[in-house]
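Working notes, beginning with the structure itself.
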Amino acid sequence: MAATGIETPTATAPGNPLDRVRHAFGQLSNQQKILLMGAIAALIAIFVATSTWLKRPDQRVLFSNISERDGGAIIAVLDQMNIPYQFNDSGSAILISGDRVHEVRLRLATQGLPRGGNVGFELLENQKFGVSQFAEQINYQRGLEGELSRTIQSIGAVQAARIHLAIPKPTVFVREEQKPSASVLLNLYAGRSLEPAQIAGIQNLVAASVPNLAPESVTLIDQSGAVISRVKNPLTQAGLDPTQMKYVREIEAAAIQRVDDILSPVLGEGNFRVQVAADIDFSTSEQTAETFRPNTTPPDISVRSQQTSESASTMPSAQGVPGALSNQPPVPATAPLTQPPVPGAGAPAAPDAPPVPGRINAAGVQAPIANVGQPINTRKDSTLNYEVDRTIRHTKQTVGIVRRLTAAVVVNHRKDAKGVLRPLGDPELRQINDLVKEAVGFNQERGDSVSVANTLFTAVDKSGAAEIPLWKDPEVLTFSRDIFKYLLIALIVAYLLFKVIFPLVRNTISPPPSREDEASAVAGADEEEKEEEEEEREPTAAELLEQKLAQARELAQQDPKAVANIIKGWMGANDGG
């Protein structure tokens, strides 16, 4: 049996390492073969999965919450461009490689994708010949509604929009004319809302796109059915305008910035605080004044017009014998109008000629007093018009005038040469006060005031106040999660390598034993078999006695005193008996 045991491994042990691996693999049991193949397959799968996971590009959302029609069109275009894509778990978003998101979006935008579920003016591109006027008007209205919906969806807070236009038919009768109206349904993003300015902007946008449509005729509702176009701003109802408050903050911020710029080089950053309050007058007023002043100064008198009129009339004295003949009217004159002057009568006197004794000179008429009847009536009218000094002044007050400005500055104590904080002196405070006044545009006539105080600032410990615990830091959590994944993969790989694969491979590729080693191994095996056979055989009574004597001798050699005491005990027991 020993010779057979030596010759058998020598005859079958190959010398090539590959043959030895095959031979060792053939000597494994079925369970060991299954374990080895499973470990190798698991190791390969881990390496492949890890490499694929590391090399996988970052997937980002291309479009989300799109209609099925737009989704199908987008997928068809992505297939044409050979761009790989995938869907998220819920199937509501299309994911592509993160480095191509913006490029693909621009390419899809050139093709009008996504359309947002609304059809725009491209509906009019495929008009059929002979379409009725009614169908053409309906298509135009649908296209206008779609274009307006797309425009409104470009607002950040609006996720989707749908518009319905009510455009009446035109009529030639003014009394029967109806104004158009519009209704807009807005689907807002979660947690978003529209400001009053945005609501007014949407109303004006729709009104400006439809002829004769007033902004008040545009009704806006949100996805919950609440009317948002009639929402009143409490500040506006109270007479306040948010833009006015913003203007006040801008005025105050500009004044604070000017003071900060001028005091920073002098006092240093963090050694002062500035607050400015501005009282702005937003009232509007217009005034028109017309002033008349007297025009009595002789050098500045301006005469507009002057009119003078004089008249004189006389009653002729009665002549002739009283009777019927004397009461007849005078006969018309027959003498020529241009008769020669009567000697002694003289030429008509000038209006401004001095009076002649015995003659009358009135209203350019001169005649002897004897020829003038009594009484004599004279009249003289004179009208003199002067220019009127008239002033018309139209005054309109500017909106947003600074009515009053107040500034408060707190300055920290300054360190001296020894590093001790000392309060500032009065000259330094006056200098700072003057700088602040010049920076804010101090005007004493309108009641501006500037206050500068010097006090010691309280140190605030910000080291632990805003510090985030290490286990709550998002960056640390993300880093720890990644490290844990890599460490778990490394532990699995190490366990498979060192506990499964390496021991099996070490046993399979170990070199074949030599003849001497085989002989010694066979001899040792024979000796072990003999010892095992001796141990398994039951000892006889003589062998048991011999073993006990041997143990007694060994005990006597190791501890003779204990053996002597045991013998003495035996002897004493016998004597007593």
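Following the order of the structure tokens, first chain is A, next is B, and so on, with residues numbered from 1 inside each chain and ligands from 1 in the order they appear.
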(request) Mind checking which residues fall within 8 Å of Leu36 in chain A, counting only C-alpha atoms, ignoring those fewer than 4 positions away in the same chain, and posting them as a list in words? (result) Gln32, Ile40, Val500, Ile501 and Leu504 of chain A
(request) Would you mind reading off the distance between CA of Arg422 in chain A and CA of Phe272 in chain A, one decimal, in Å? (result)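 CA of Phe272 in chain A lies at a distance of 14.6 Å from CA of Arg422 in chain A.
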Mind running range 102-167 of chain A against range 187-205 of chain A at 8 Å and telling me each contacting residue's nearest atom pair with the distance in Å (one decimal), counting only C-alpha atoms, chain and number ascending, as CSV?
```
residue,atom,partner,partner_atom,distance
A:Ile152,CA,A:Ile202,CA,7.2
A:Ala157,CA,A:Leu188,CA,5.7
A:Val158,CA,A:Leu188,CA,4.6
A:Gln159,CA,A:Leu188,CA,5.2
A:Ala160,CA,A:Asn187,CA,5.0
A:Ala161,CA,A:Asn187,CA,6.0
```
Convert the current residue selection to file output with N, CA and C atoms, as a PDB file, in the first residue's frame.
```
ATOM      1  N   ILE A 152     -46.713  83.360 -22.167  1.00  0.00           N
ATOM      2  CA  ILE A 152     -46.942  83.451 -20.724  1.00  0.00           C
ATOM      3  C   ILE A 152     -46.177  82.360 -19.986  1.00  0.00           C
ATOM      4  N   ALA A 157     -42.560  81.755 -12.773  1.00  0.00           N
ATOM      5  CA  ALA A 157     -43.466  81.107 -11.840  1.00  0.00           C
ATOM      6  C   ALA A 157     -44.572  80.316 -12.519  1.00  0.00           C
ATOM      7  N   VAL A 158     -44.735  80.452 -13.832  1.00  0.00           N
ATOM      8  CA  VAL A 158     -45.835  79.803 -14.550  1.00  0.00           C
ATOM      9  C   VAL A 158     -45.333  78.499 -15.142  1.00  0.00           C
ATOM     10  N   GLN A 159     -45.974  77.408 -14.756  1.00  0.00           N
ATOM     11  CA  GLN A 159     -45.628  76.099 -15.312  1.00  0.00           C
ATOM     12  C   GLN A 159     -46.376  75.831 -16.610  1.00  0.00           C
ATOM     13  N   ALA A 160     -47.639  76.163 -16.664  1.00  0.00           N
ATOM     14  CA  ALA A 160     -48.444  75.978 -17.867  1.00  0.00           C
ATOM     15  C   ALA A 160     -49.516  77.051 -17.885  1.00  0.00           C
ATOM     16  N   ALA A 161     -49.972  77.370 -19.087  1.00  0.00           N
ATOM     17  CA  ALA A 161     -51.001  78.403 -19.248  1.00  0.00           C
ATOM     18  C   ALA A 161     -51.919  78.013 -20.389  1.00  0.00           C
TER      19      ALA A 161
END
```
Skip range 406-412 of chain A itself and residues of its chain fewer than 5 positions away, then list as an mmCIF file with N, CA and C atoms, in the first residue's frame all residues within 6 Å of it, counting only C-alpha atoms.
```cif
data_model
loop_
_atom_site.group_PDB
_atom_site.id
_atom_site.type_symbol
_atom_site.label_atom_id
_atom_site.label_comp_id
_atom_site.auth_asym_id
_atom_site.auth_seq_id
_atom_site.Cartn_x
_atom_site.Cartn_y
_atom_site.Cartn_z
ATOM 1 N N ASN A 271 -15.677 99.396 12.512
ATOM 2 C CA ASN A 271 -15.553 100.279 13.663
ATOM 3 C C ASN A 271 -16.642 101.346 13.714
ATOM 4 N N PHE A 272 -17.652 101.238 12.856
ATOM 5 C CA PHE A 272 -18.742 102.213 12.882
ATOM 6 C C PHE A 272 -19.969 101.584 12.234
ATOM 7 N N ARG A 273 -21.115 102.138 12.573
ATOM 8 C CA ARG A 273 -22.389 101.735 11.996
ATOM 9 C C ARG A 273 -23.159 102.993 11.609
ATOM 10 N N VAL A 274 -23.823 102.936 10.456
ATOM 11 C CA VAL A 274 -24.522 104.101 9.913
ATOM 12 C C VAL A 274 -25.954 103.707 9.591
ATOM 13 N N GLN A 275 -26.896 104.559 9.973
ATOM 14 C CA GLN A 275 -28.301 104.405 9.603
ATOM 15 C C GLN A 275 -28.831 105.767 9.170
ATOM 16 N N VAL A 276 -29.581 105.758 8.056
ATOM 17 C CA VAL A 276 -30.127 106.992 7.491
ATOM 18 C C VAL A 276 -31.616 106.794 7.273
ATOM 19 N N ALA A 277 -32.401 107.779 7.685
ATOM 20 C CA ALA A 277 -33.845 107.779 7.469
ATOM 21 C C ALA A 277 -34.201 108.982 6.612
ATOM 22 N N ASP A 448 -32.728 118.914 8.443
ATOM 23 C CA ASP A 448 -31.903 117.704 8.525
ATOM 24 C C ASP A 448 -31.151 117.671 9.851
ATOM 25 N N SER A 449 -30.846 116.464 10.285
ATOM 26 C CA SER A 449 -30.106 116.291 11.540
ATOM 27 C C SER A 449 -29.147 115.119 11.399
ATOM 28 N N VAL A 450 -27.985 115.264 12.043
ATOM 29 C CA VAL A 450 -26.945 114.235 12.057
ATOM 30 C C VAL A 450 -26.484 114.055 13.490
ATOM 31 N N SER A 451 -26.442 112.803 13.947
ATOM 32 C CA SER A 451 -26.023 112.486 15.307
ATOM 33 C C SER A 451 -24.893 111.475 15.254
ATOM 34 N N VAL A 452 -23.771 111.813 15.931
ATOM 35 C CA VAL A 452 -22.600 110.939 15.988
ATOM 36 C C VAL A 452 -22.337 110.606 17.447
ATOM 37 N N ALA A 453 -22.285 109.316 17.759
ATOM 38 C CA ALA A 453 -22.045 108.848 19.127
ATOM 39 C C ALA A 453 -20.826 107.949 19.144
ATOM 40 N N ASN A 454 -20.077 108.042 20.235
ATOM 41 C CA ASN A 454 -18.878 107.223 20.409
ATOM 42 C C ASN A 454 -19.092 106.310 21.607
ATOM 43 N N THR A 455 -19.034 104.992 21.361
ATOM 44 C CA THR A 455 -19.240 104.016 22.423
ATOM 45 C C THR A 455 -18.434 102.768 22.114
ATOM 46 N N LEU A 456 -18.276 101.928 23.115
ATOM 47 C CA LEU A 456 -17.509 100.696 22.960
ATOM 48 C C LEU A 456 -18.418 99.606 22.413
ATOM 49 N N PHE A 457 -18.004 98.999 21.314
ATOM 50 C CA PHE A 457 -18.794 97.939 20.700
ATOM 51 C C PHE A 457 -18.682 96.661 21.522
#
```
Just the residues within 12 Å of Gly268 in chain A, please, counting only C-alpha atoms, with nothing from its chain fewer than 6 positions along; format it as an mmCIF file with C-alpha atoms, in the first residue's frame.
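Ended up saving to around13.cif:
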```
data_model
loop_
_atom_site.group_PDB
_atom_site.id
_atom_site.type_symbol
_atom_site.label_atom_id
_atom_site.label_comp_id
_atom_site.auth_asym_id
_atom_site.auth_seq_id
_atom_site.Cartn_x
_atom_site.Cartn_y
_atom_site.Cartn_z
ATOM 1 C CA ASP A 260 -19.428 104.245 4.576
ATOM 2 C CA ASP A 261 -17.067 105.134 1.732
ATOM 3 C CA ILE A 262 -15.851 108.282 3.449
ATOM 4 C CA VAL A 411 -18.291 104.940 16.278
ATOM 5 C CA ASN A 412 -16.275 102.387 18.232
ATOM 6 C CA HIS A 413 -13.445 103.312 20.594
ATOM 7 C CA ARG A 414 -10.012 103.552 19.030
ATOM 8 C CA LYS A 415 -6.930 101.634 20.156
#
```
(message) Can you tell me, as a ChimeraX atom specification, which residues in range 96-269 of chain A count as alpha helix (DSSP H) by DSSP?
(response) /A:101-110,133-153,196-209,234-237,242-267
(message) List as a VMD selection string the protein and nucleic acid residues near Glu216 in chain A, meaning an atom at most 9 Å away when only C-alpha atoms are counted, but skip any in the same chain fewer than 3 places from it.
(response) chain A and resid 181 203 to 204 207 213 219 229
(request) May I have the residues within 9 Å of Asn212 in chain A as a PyMOL selection string, using only C-alpha atoms and disregarding those fewer than 2 positions away in the same chain? (result) chain A and resi 179-180+207-208+210+214
May I have the residues from that selection written out with N, CA and C atoms, as a short mmCIF file (atom, residue, chain, number, x, y, z; two decimals), in the first residue's frame?
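This went into selection.cif:
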```cif
data_model
loop_
_atom_site.label_atom_id
_atom_site.label_comp_id
_atom_site.auth_asym_id
_atom_site.auth_seq_id
_atom_site.Cartn_x
_atom_site.Cartn_y
_atom_site.Cartn_z
N LYS A 179 -67.46 94.23 -27.10
CA LYS A 179 -66.02 94.25 -26.85
C LYS A 179 -65.53 92.82 -26.60
N PRO A 180 -64.32 92.50 -27.06
CA PRO A 180 -63.78 91.15 -26.80
C PRO A 180 -63.36 91.00 -25.33
N ALA A 207 -54.11 91.92 -23.56
CA ALA A 207 -54.92 93.01 -24.12
C ALA A 207 -54.24 93.66 -25.32
N ALA A 208 -52.92 93.74 -25.30
CA ALA A 208 -52.23 94.35 -26.42
C ALA A 208 -52.17 93.44 -27.64
N VAL A 210 -54.80 91.53 -28.71
CA VAL A 210 -56.14 91.40 -29.30
C VAL A 210 -56.69 92.81 -29.52
N ALA A 214 -59.63 95.46 -23.62
CA ALA A 214 -59.16 96.24 -22.48
C ALA A 214 -58.53 95.33 -21.45
#
```
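Near range 88-97 of chain A, within 10 Å and counting only C-alpha atoms, sit A:Arg56, A:Pro57, A:Asp58, A:Gln59, A:Arg60, A:Val61, A:Leu62, A:Phe63, A:Ser64, A:Asn65, A:Ile66, A:Ser67, A:Glu68, A:Gly71, A:Ile74, A:Ile75, A:Leu78, A:Ile83, A:Pro84, A:Tyr85, A:Arg100, A:Val101, A:Val104, not including residues fewer than 3 positions from it in the same chain.
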